[in-house]
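Text of the file final_8.txt, holding compact mmCIF, C-alpha atoms and all ligand atoms:
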```txt
# COMPACT_ATOMS: atom_id res chain seq x y z
CA MET W 19 74.99 117.49 82.43
CA ILE W 20 77.63 119.01 84.67
CA SER W 21 80.94 120.67 83.78
CA VAL W 22 84.34 118.98 83.93
CA GLU W 23 85.35 121.17 86.89
CA GLU W 24 82.17 120.33 88.83
CA ALA W 25 82.57 116.62 88.13
CA GLN W 26 86.22 116.62 89.22
CA GLN W 27 85.27 118.58 92.34
CA ILE W 28 82.58 116.06 93.25
CA VAL W 29 85.01 113.17 92.85
CA MET W 30 87.65 114.86 95.00
CA ASN W 31 85.12 115.80 97.68
CA GLU W 32 83.71 112.28 97.91
CA VAL W 33 86.96 110.34 97.95
CA LEU W 34 88.98 110.54 101.15
CA SER W 35 92.28 108.91 101.91
CA GLY W 36 92.20 105.19 102.61
CA PRO W 37 93.22 103.23 105.71
CA VAL W 38 96.64 103.49 107.28
CA VAL W 39 99.17 100.73 107.84
CA THR W 40 102.62 100.78 109.46
CA LEU W 41 105.27 99.28 107.19
CA PRO W 42 109.02 98.72 107.13
CA LEU W 43 110.59 101.61 105.26
CA GLN W 44 111.67 99.48 102.28
CA ASP W 45 108.09 98.39 101.70
CA ALA W 46 106.74 101.92 102.04
CA CYS W 47 108.55 103.42 99.06
CA GLY W 48 106.14 104.77 96.46
CA ARG W 49 103.46 105.22 99.11
CA VAL W 50 102.51 108.34 101.06
CA LEU W 51 103.17 109.17 104.70
CA ALA W 52 99.99 109.01 106.79
CA GLY W 53 101.24 110.90 109.85
CA GLU W 54 103.92 113.28 111.05
CA LEU W 55 107.41 112.00 111.79
CA GLN W 56 109.76 113.38 114.44
CA SER W 57 113.44 112.63 114.53
CA PRO W 58 114.59 110.44 117.42
CA ILE W 59 118.15 111.79 117.05
CA ASP W 60 120.22 114.83 116.11
CA SER W 61 121.57 114.82 112.60
CA PRO W 62 124.51 114.89 112.31
CA LEU W 63 124.69 112.91 115.51
CA PHE W 64 128.09 114.39 116.50
CA ASP W 65 130.51 117.03 115.21
CA SER W 66 132.29 115.43 112.29
CA SER W 67 134.63 116.18 109.44
CA ALA W 68 133.36 116.92 105.94
CA MET W 69 136.77 116.19 104.40
CA ASP W 70 139.80 113.96 104.61
CA GLY W 71 142.37 116.29 106.21
CA PHE W 72 143.37 117.77 109.55
CA ALA W 73 141.33 119.08 112.46
CA ILE W 74 142.93 122.17 113.93
CA ALA W 75 142.19 124.14 117.08
CA ALA W 76 143.40 127.62 116.08
CA CYS W 77 142.30 129.28 112.84
CA ASP W 78 144.91 132.04 113.01
CA LEU W 79 147.98 129.74 113.18
CA ALA W 80 149.97 128.45 110.19
CA ARG W 81 151.89 125.65 111.90
CA HIS W 82 150.18 122.82 113.84
CA LYS W 83 151.60 119.79 115.58
CA VAL W 84 149.93 116.53 114.56
CA VAL W 85 148.96 114.70 117.75
CA GLY W 86 146.89 111.80 116.46
CA LEU W 87 144.44 110.36 113.95
CA VAL W 88 140.70 109.69 113.89
CA ALA W 89 139.10 107.35 111.36
CA ALA W 90 135.39 107.39 110.56
CA GLY W 91 133.62 105.21 113.11
CA ASN W 92 136.13 105.74 115.94
CA THR W 93 135.41 107.69 119.13
CA ILE W 94 137.82 110.36 120.27
CA GLU W 95 138.19 111.38 123.90
CA LYS W 96 141.11 113.75 123.52
CA THR W 97 140.61 117.52 123.42
CA LEU W 98 142.57 119.46 120.83
CA HIS W 99 144.55 122.45 122.14
CA ARG W 100 145.82 125.57 120.38
CA GLY W 101 148.62 124.64 118.02
CA GLU W 102 147.60 120.98 117.76
CA ALA W 103 146.14 119.14 114.80
CA MET W 104 144.73 115.70 114.29
CA ARG W 105 144.49 113.75 111.03
CA VAL W 106 140.78 113.06 110.34
CA MET W 107 138.83 111.19 107.67
CA THR W 108 135.53 112.23 106.10
CA GLY W 109 132.76 111.46 108.60
CA ALA W 110 135.17 111.04 111.51
CA MET W 111 134.16 112.36 114.91
CA LEU W 112 136.06 115.57 115.68
CA PRO W 113 137.92 116.06 118.93
CA GLN W 114 136.64 118.70 121.36
CA GLY W 115 138.26 122.04 120.62
CA THR W 116 138.29 121.68 116.81
CA THR W 117 137.74 125.04 115.13
CA ALA W 118 138.20 124.00 111.48
CA VAL W 119 139.18 121.13 109.22
CA ILE W 120 141.86 121.69 106.60
CA PRO W 121 141.48 119.40 103.56
CA GLN W 122 144.44 117.17 102.81
CA GLU W 123 144.91 118.90 99.43
CA GLU W 124 145.35 122.30 101.07
CA ILE W 125 148.25 121.31 103.34
CA LEU W 126 151.28 123.33 102.18
CA LYS W 127 153.86 121.15 103.91
CA GLU W 128 153.85 118.11 106.16
CA GLU W 129 157.12 117.30 107.92
CA ASP W 130 158.49 116.25 111.33
CA GLY W 131 155.01 115.70 112.74
CA THR W 132 153.76 119.17 111.87
CA ILE W 133 151.60 120.65 109.11
CA LEU W 134 151.88 124.05 107.52
CA ILE W 135 148.74 125.72 106.17
CA SER W 136 147.92 129.10 104.76
CA SER W 137 146.24 130.99 107.61
CA PRO W 138 143.98 132.42 108.75
CA VAL W 139 141.14 130.01 107.90
CA THR W 140 137.44 130.52 108.39
CA GLN W 141 136.01 129.34 111.69
CA ASP W 142 134.03 126.05 111.39
CA LEU W 143 135.37 125.36 107.87
CA HIS W 144 134.49 121.79 106.74
CA ILE W 145 132.93 120.92 110.09
CA ARG W 146 129.54 119.17 110.15
CA ARG W 147 128.09 120.36 113.45
CA GLN W 148 125.91 118.10 115.56
CA GLY W 149 122.20 118.78 114.92
CA GLU W 150 122.98 121.21 112.10
CA GLU W 151 120.31 119.64 109.85
CA VAL W 152 117.89 118.08 112.33
CA ARG W 153 117.46 118.25 116.12
CA ALA W 154 116.03 115.31 118.07
CA GLY W 155 112.27 115.92 118.32
CA ASP W 156 112.09 118.04 115.16
CA LEU W 157 109.22 117.38 112.76
CA VAL W 158 111.09 115.91 109.79
CA LEU W 159 108.34 114.91 107.37
CA SER W 160 104.70 115.93 107.43
CA LYS W 161 101.60 113.91 106.57
CA ASN W 162 100.98 113.38 102.84
CA THR W 163 104.66 113.41 101.92
CA PRO W 164 105.33 110.87 99.15
CA ILE W 165 107.99 108.36 100.18
CA THR W 166 110.45 108.89 97.36
CA ALA W 167 113.95 107.45 97.26
CA GLY W 168 115.16 110.71 98.79
CA ALA W 169 112.62 110.55 101.61
CA ALA W 170 113.46 106.90 102.29
CA GLY W 171 117.17 107.70 102.48
CA PHE W 172 116.54 110.64 104.78
CA LEU W 173 114.38 108.60 107.17
CA SER W 174 116.77 105.68 107.30
CA SER W 175 119.63 108.09 108.09
CA LEU W 176 117.62 109.14 111.14
CA GLY W 177 117.02 105.54 112.14
CA ILE W 178 113.30 105.73 111.32
CA LEU W 179 112.69 102.30 109.85
CA LYS W 180 108.93 101.86 110.25
CA ILE W 181 106.43 104.41 109.06
CA PRO W 182 102.66 104.81 108.75
CA VAL W 183 101.49 104.98 105.13
CA PHE W 184 98.16 104.93 103.33
CA THR W 185 97.17 101.56 101.91
CA PRO W 186 96.61 101.16 98.18
CA PRO W 187 92.99 100.56 97.17
CA LYS W 188 91.55 97.27 95.98
CA ILE W 189 90.49 97.88 92.41
CA LEU W 190 88.32 95.81 90.12
CA ILE W 191 88.05 96.39 86.39
CA PHE W 192 84.62 95.32 85.18
CA PRO W 193 84.21 95.46 81.38
CA THR W 194 80.66 95.05 80.12
CA GLY W 195 79.28 94.32 76.65
CA SER W 196 77.91 91.19 74.99
CA GLU W 197 80.04 91.98 71.93
CA LEU W 198 83.35 91.69 73.81
CA VAL W 199 85.81 88.82 73.60
CA SER W 200 89.18 88.47 75.30
CA HIS W 201 91.04 86.57 72.63
CA PRO W 202 91.34 87.01 68.85
CA SER W 203 90.47 83.32 68.32
CA ALA W 204 86.96 84.20 69.55
CA LEU W 205 86.53 87.07 67.06
CA GLN W 206 83.51 85.91 65.07
CA SER W 207 81.35 88.39 63.20
CA GLY W 208 79.83 91.03 65.44
CA LYS W 209 82.37 90.55 68.19
CA ILE W 210 85.24 92.87 69.07
CA MET W 211 88.31 92.60 71.26
CA GLU W 212 87.83 93.78 74.82
CA SER W 213 90.61 96.33 75.22
CA ASN W 214 89.57 98.63 78.07
CA SER W 215 90.81 96.33 80.80
CA CYS W 216 94.21 96.29 79.13
CA SER W 217 94.50 100.09 78.80
CA LEU W 218 93.17 100.70 82.30
CA SER W 219 95.44 98.19 84.00
CA ALA W 220 98.37 99.63 82.03
CA ALA W 221 97.40 103.10 83.27
CA LEU W 222 97.37 101.77 86.85
CA PHE W 223 100.83 100.27 86.52
CA PRO W 224 102.79 103.52 87.03
CA LEU W 225 100.75 104.13 90.20
CA ASN W 226 102.00 100.78 91.54
CA LEU W 227 98.45 99.48 91.48
CA VAL W 228 97.49 96.04 90.23
CA PRO W 229 93.75 95.59 89.67
CA ARG W 230 91.72 92.45 89.52
CA ILE W 231 89.93 92.09 86.18
CA VAL W 232 86.74 90.18 85.43
CA SER W 233 86.10 88.56 82.06
CA PRO W 234 83.79 90.66 79.87
CA VAL W 235 80.33 90.67 81.42
CA PRO W 236 77.42 90.28 78.95
CA ASP W 237 74.62 92.89 78.93
CA ILE W 238 72.29 90.58 80.86
CA PRO W 239 70.87 92.38 83.90
CA LYS W 240 70.68 89.30 86.12
CA VAL W 241 74.32 88.39 85.47
CA MET W 242 75.50 91.96 85.91
CA HIS W 243 73.52 92.38 89.11
CA ALA W 244 74.98 89.27 90.71
CA MET W 245 78.52 90.14 89.71
CA LEU W 246 78.31 93.78 90.70
CA GLU W 247 76.90 92.89 94.09
CA VAL W 248 80.03 90.87 94.84
CA ALA W 249 82.28 93.49 93.23
CA LEU W 250 80.90 96.22 95.48
CA SER W 251 81.43 94.19 98.61
CA GLU W 252 85.04 93.25 97.84
CA ASN W 253 86.63 96.40 96.41
CA ASP W 254 87.39 100.01 97.16
CA PHE W 255 87.07 101.06 93.52
CA VAL W 256 85.00 99.36 90.83
CA LEU W 257 85.83 100.55 87.33
CA ILE W 258 82.97 99.47 85.08
CA THR W 259 83.36 100.11 81.37
CA GLY W 260 80.46 100.30 78.94
CA GLY W 261 76.73 100.14 79.53
CA VAL W 262 76.42 103.65 81.02
CA SER W 263 75.07 105.44 77.97
CA VAL W 264 71.47 105.66 76.71
CA GLY W 265 71.25 102.46 74.63
CA ILE W 266 68.54 99.96 75.53
CA PHE W 267 71.22 97.48 76.63
CA ASP W 268 72.95 100.02 78.88
CA HIS W 269 71.79 98.60 82.21
CA VAL W 270 74.63 99.62 84.51
CA LYS W 271 73.06 102.68 86.17
CA GLU W 272 69.78 100.90 86.89
CA ILE W 273 71.55 97.93 88.41
CA LEU W 274 73.78 100.13 90.54
CA ALA W 275 70.72 101.99 91.80
CA SER W 276 69.06 98.68 92.72
CA LEU W 277 72.24 97.80 94.64
CA LYS W 278 71.88 101.06 96.63
CA VAL W 279 74.81 102.81 95.02
CA LYS W 280 74.30 106.57 95.33
CA THR W 281 74.70 108.39 92.02
CA CYS W 282 77.04 111.36 92.49
CA PHE W 283 76.81 112.37 88.84
CA TRP W 284 76.08 111.05 85.38
CA LYS W 285 77.07 112.85 82.18
CA VAL W 286 79.77 115.46 81.92
CA ALA W 287 80.09 118.21 79.30
CA GLN W 288 83.18 116.76 77.66
CA LYS W 289 84.34 114.92 74.58
CA PRO W 290 85.17 112.12 74.68
CA GLY W 291 83.50 110.68 77.76
CA LYS W 292 80.11 112.39 77.96
CA PRO W 293 78.24 109.46 79.64
CA LEU W 294 80.70 109.21 82.56
CA TYR W 295 79.03 107.97 85.75
CA PHE W 296 80.32 108.26 89.31
CA GLY W 297 78.66 106.74 92.35
CA ARG W 298 79.37 105.58 95.85
CA LYS W 299 78.20 102.89 98.23
CA ASN W 300 79.64 103.35 101.71
CA ASN W 301 83.39 103.40 101.10
CA THR W 302 83.30 101.80 97.69
CA PHE W 303 83.54 104.14 94.73
CA VAL W 304 82.11 103.23 91.35
CA PHE W 305 83.13 104.74 88.05
CA GLY W 306 80.96 103.91 85.06
CA LEU W 307 83.39 104.64 82.27
CA PRO W 308 82.00 104.96 78.75
CA GLY W 309 82.69 101.83 76.69
CA ASN W 310 84.51 103.46 73.83
CA PRO W 311 88.19 102.83 74.45
CA ALA W 312 89.43 106.42 74.07
CA SER W 313 86.61 107.73 76.27
CA SER W 314 87.28 105.27 79.02
CA LEU W 315 91.01 106.04 79.08
CA VAL W 316 90.49 109.83 79.01
CA CYS W 317 88.04 109.48 81.92
CA PHE W 318 90.56 107.37 83.75
CA TYR W 319 93.23 110.06 83.49
CA GLU W 320 90.94 112.97 84.31
CA TYR W 321 88.81 111.42 87.10
CA VAL W 322 89.82 107.94 88.23
CA ARG W 323 93.55 108.59 88.55
CA PRO W 324 93.03 111.70 90.73
CA ALA W 325 90.59 109.76 92.90
CA LEU W 326 93.05 106.90 93.39
CA LEU W 327 95.92 109.28 94.16
CA LYS W 328 93.75 111.07 96.71
CA TRP W 329 92.86 107.74 98.33
CA MET W 330 96.58 106.96 98.55
CA GLY W 331 97.23 110.35 100.19
CA PHE W 332 99.16 112.04 97.39
CA PRO W 333 99.14 115.84 97.58
CA ASP W 334 99.08 116.39 93.78
CA CYS W 335 96.42 114.29 92.16
CA PHE W 336 95.77 115.74 88.72
CA LEU W 337 97.88 115.33 85.61
CA LYS W 338 100.66 117.90 85.33
CA LYS W 339 99.76 120.85 83.14
CA CYS W 340 101.54 123.34 80.97
CA GLU W 341 100.71 125.77 78.22
CA ALA W 342 101.66 124.91 74.66
CA ARG W 343 101.30 126.44 71.24
CA LEU W 344 98.83 124.61 69.02
CA LEU W 345 100.36 123.50 65.71
CA LYS W 346 97.07 123.03 63.83
CA PRO W 347 93.81 124.99 63.85
CA PHE W 348 90.93 123.44 65.78
CA PHE W 349 87.14 123.67 65.36
CA LYS W 350 84.29 122.25 67.36
CA LYS W 351 80.55 122.70 67.51
CA GLU W 352 79.74 121.52 71.02
CA GLU W 353 79.90 123.57 74.20
CA ARG W 354 81.89 120.78 75.80
CA VAL W 355 85.49 120.51 76.90
CA HIS W 356 87.48 118.54 74.35
CA PHE W 357 90.40 116.40 75.46
CA VAL W 358 92.50 116.07 72.33
CA ARG W 359 95.17 113.38 72.05
CA GLY W 360 98.41 114.86 70.82
CA LYS W 361 102.13 115.12 71.16
CA VAL W 362 103.75 117.93 73.09
CA PHE W 363 107.42 118.76 72.62
CA TYR W 364 109.86 121.57 73.38
CA LYS W 365 111.12 123.47 70.37
CA GLU W 366 112.51 126.93 69.78
CA GLY W 367 112.15 127.92 73.41
CA GLU W 368 108.54 126.86 73.92
CA TRP W 369 106.22 123.90 74.29
CA GLN W 370 104.35 123.04 71.11
CA VAL W 371 101.53 120.55 70.70
CA ASP W 372 100.58 118.58 67.62
CA PRO W 373 96.95 117.43 67.88
CA PHE W 374 96.55 114.10 66.09
CA GLU W 375 94.04 113.00 63.47
CA GLY W 376 91.63 110.26 64.55
CA GLN W 377 90.03 111.82 67.64
CA GLU W 378 86.86 109.70 67.44
CA SER W 379 86.25 107.84 70.67
CA HIS W 380 86.59 104.34 69.19
CA LYS W 381 90.03 105.13 67.72
CA MET W 382 93.01 104.24 69.87
CA GLY W 383 95.79 104.77 67.31
CA SER W 384 96.05 108.44 68.24
CA PHE W 385 96.18 107.53 71.94
CA ALA W 386 98.95 105.05 71.23
CA LYS W 387 101.23 107.90 70.05
CA ALA W 388 100.01 110.63 72.41
CA ASN W 389 101.94 112.04 75.34
CA CYS W 390 99.33 114.60 76.31
CA LEU W 391 95.72 115.69 76.18
CA ALA W 392 95.24 119.22 74.83
CA VAL W 393 92.32 120.75 76.68
CA ILE W 394 89.98 122.89 74.61
CA PRO W 395 87.64 124.77 76.97
CA ALA W 396 83.87 124.35 76.63
CA ALA W 397 83.26 127.92 75.48
CA VAL W 398 86.00 127.92 72.83
CA LYS W 399 84.71 126.93 69.39
CA GLU W 400 87.71 127.76 67.27
CA LEU W 401 91.46 128.00 67.73
CA LYS W 402 94.00 129.20 65.21
CA GLU W 403 97.36 127.64 64.56
CA GLY W 404 99.73 129.22 67.09
CA ASP W 405 97.09 129.83 69.78
CA ALA W 406 97.98 128.79 73.31
CA VAL W 407 96.26 125.78 74.91
CA VAL W 408 96.62 124.02 78.23
CA ILE W 409 97.88 120.47 77.93
CA HIS W 410 97.73 117.67 80.48
CA TRP W 411 100.79 115.43 80.48
CA LEU W 412 100.05 111.74 80.20
P1 LIG F 501 78.79 101.20 75.41
O1 LIG F 501 79.22 102.36 76.25
O2 LIG F 501 78.59 99.94 76.16
O3 LIG F 501 77.62 101.56 74.56
O4 LIG F 501 79.99 100.94 74.43
C1 LIG F 501 80.36 101.93 73.48
C2 LIG F 501 81.29 101.33 72.45
O5 LIG F 501 82.46 100.90 73.06
C3 LIG F 501 80.73 100.12 71.73
O6 LIG F 501 81.11 100.20 70.39
C4 LIG F 501 81.39 98.97 72.43
O7 LIG F 501 81.51 97.85 71.60
C5 LIG F 501 82.73 99.55 72.77
N1 LIG F 501 83.27 98.93 73.96
C6 LIG F 501 82.63 98.79 75.13
N2 LIG F 501 83.41 98.20 76.03
C7 LIG F 501 84.57 97.94 75.41
C8 LIG F 501 85.79 97.33 75.82
N3 LIG F 501 85.95 96.87 77.06
N4 LIG F 501 86.79 97.22 74.92
C9 LIG F 501 86.63 97.68 73.68
N5 LIG F 501 85.53 98.29 73.24
C10 LIG F 501 84.49 98.41 74.07
MG MG F 502 77.82 98.16 75.81
```
Can the structure from this file be put into structure tokens for me?
Ligand code: AMP
Ligand code: MG
Amino acid sequence: MISVEEAQQIVMNEVLSGPVVTLPLQDACGRVLAGELQSPIDSPLFDSSAMDGFAIAACDLARHKVVGLVAAGNTIEKTLHRGEAMRVMTGAMLPQGTTAVIPQEEILKEEDGTILISSPVTQDLHIRRQGEEVRAGDLVLSKNTPITAGAAGFLSSLGILKIPVFTPPKILIFPTGSELVSHPSALQSGKIMESNSCSLSAALFPLNLVPRIVSPVPDIPKVMHAMLEVALSENDFVLITGGVSVGIFDHVKEILASLKVKTCFWKVAQKPGKPLYFGRKNNTFVFGLPGNPASSLVCFYEYVRPALLKWMGFPDCFLKKCEARLLKPFFKKEERVHFVRGKVFYKEGEWQVDPFEGQESHKMGSFAKANCLAVIPAAVKELKEGDAVVIHWL
């Protein structure tokens, strides 16, 4: 059995970023940049006004003669001379010779074609200088930058409308267990609802990933073998649930071995999720998630999600962490990391976490209300109310 840190390290070492595709900017939002981008233009592209007001050519003068007007979008050939002003709109190109822009609201008097201002004014006031933010040829975004709304807006302002991004992986959810049914009408005695595919696909949704899902696969080696063979050839990630523990009907590991999947690890010192399996065949990654619903979802958040984010090129792959004060005492016997479903909230100047009842791995009610996993380290057997713990945000 390996530690949580070792297991996470192995996953992150094995999984590399996926293939790259060039997409129109609108289609690339939510993905991650797969190369460096240089600006084809200066930004701003020309000296322009930051305000509706008047361009002036002498900062020490109070009176200026208005000699014209420039609207945003117009070109201006004329040069402004000392003592002259020109009415300008926000974003308008400034005439040569402009030393400052005086906002409309700050004009003391406007009469007989002249304006009166309170002088002197600061040089370059309210002028957006050409290239002040970006010079043509500058590196504007580096590889592995997520294409957020802000990034998309920035790139489109520079006229960069096609970008290389990492492709999302093809994912298959593969629930196993002869006891599983997909519809309550099929719930005869001994059967249970298959729920892992629902929780896992819901957990993929915020990552903009839509998996394919197979109907529950019975614990019949021949059937599993045939289906897994196809699954491995068609997907980047195969998320098997169930059948990876030590029961006599847990055939998954054997079958994967016969299909030449290399085992990277099996069993992690954690609760829930001890029987977690991770393997690889060429560029297809296989997670054998424990069948119990809470175990499979915890393993998703702690291992599968980081692997998928790494494949998609994201720089931060693990759940966000913070420290919180535990609101109930906690005891455990095992030297395993416990991931405890709970609710974290901010109160009286600090984060506090309420660990829920019902932490057994078949119970999902606690997960349904949880917004975090409180992480109790392997070596810690007992925590008092008020002790600090690290939580992972769900
Ligand atoms: P296993 O890991 O196959 O031994 O499964 C452990 C427990 O999880 C058993 O009680 C299974 O019935 C249950 N289980 C396995 N797969 C699922 C699933 N997809 N949905 C709900 N429960 C499951
Ligand atoms: Mg099973």
Once you count all atoms listed in the file, which residues end up within 9 Å of ligand LIG 501 (chain F), and could you hand them over as a PyMOL selection string? chain W and resi 192-199+209-216+234+237+258-265+267-268+293+307-314+379-380
Please compute the atom CA of Glu375 of chain W-atom CA of Val398 of chain W distance, one decimal, in Å. 19.4 Å
Quick one: distance from atom CA of Val228 of chain W to atom CA of Ser160 of chain W in Å, one decimal? 27.3 Å
Using only C-alpha atoms, which protein or nucleic acid residues come within 10 Å of Ser276 of chain W? Drop anything in the same chain fewer than 6 positions from it, and give the result as a short mmCIF file (atom, residue, chain, number, x, y, z; two decimals) with C-alpha atoms, keeping the file's coordinate frame.
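part01.cif, written as the output of this step:
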```cif
data_model
loop_
_atom_site.label_atom_id
_atom_site.label_comp_id
_atom_site.auth_asym_id
_atom_site.auth_seq_id
_atom_site.Cartn_x
_atom_site.Cartn_y
_atom_site.Cartn_z
CA HIS W 243 73.52 92.38 89.11
CA GLU W 247 76.90 92.89 94.09
CA VAL W 270 74.63 99.62 84.51
#
```
Contacts of Gly101 of chain W at 10 Å (all atoms listed in the file; same-chain gap of 5+ positions) as an MDAnalysis selection string: chainID W and resid 74:85 132
Using Å and a single decimal, report how far atom CA of Ala392 of chain W sits from atom CA of Lys339 of chain W.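 Calculated distance between atom CA of Lys339 of chain W and atom CA of Ala392 of chain W is 9.6 Å.
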List as a list in words the protein and nucleic acid residues near Gly404 of chain W, meaning an atom at most 7 Å away when all atoms listed in the file are counted, but skip any in the same chain fewer than 4 places from it.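 Using all atoms listed in the file, the neighbours found are Arg343, Leu344 and Leu345 of chain W.
Of the listed residues (W:Lys280, W:His410, W:Arg298, W:Lys399), W:His410 comes nearest to Tyr319 of chain W; the distances count all atoms listed in the file.
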Tell me which protein, DNA and RNA residues are within 8 Å of Arg146 of chain W, counting only C-alpha atoms, leaving out same-chain ones fewer than 3 positions away, and put them as a CSV table (one decimal) with C-alpha atoms, in the coordinates of the input.
```
chain,number,residue,atom,x,y,z
W,62,PRO,CA,124.5,114.9,112.3
W,65,ASP,CA,130.5,117.0,115.2
W,66,SER,CA,132.3,115.4,112.3
W,67,SER,CA,134.6,116.2,109.4
W,68,ALA,CA,133.4,116.9,105.9
W,150,GLU,CA,123.0,121.2,112.1
```
Would you mind listing what lies within 7 Å of Pro324 of chain W as a VMD selection string, with only C-alpha atoms counted and same-chain residues fewer than 4 positions away left out? chain W and resid 320 328 335 to 336
Preceding selection exported with C-alpha atoms as a CSV table (one decimal), in the frame of the given file:
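Written output follows (result_30.csv):
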```
chain,number,residue,atom,x,y,z
W,320,GLU,CA,90.9,113.0,84.3
W,328,LYS,CA,93.8,111.1,96.7
W,335,CYS,CA,96.4,114.3,92.2
W,336,PHE,CA,95.8,115.7,88.7
```
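Each of W:Phe305, W:Phe72, W:Phe348, W:Phe332 was checked against Ala110 of chain W using only C-alpha atoms; the smallest atom-to-atom distance is that of W:Phe72.
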Nearest candidate to ligand MG 502 (chain F) (options W:Ile238, W:Ala406, W:Lys285, W:Val279; using all atoms listed in the file):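 Between W:Ile238, W:Ala406, W:Lys285, W:Val279, the residue approaching ligand MG 502 (chain F) most closely is W:Ile238.
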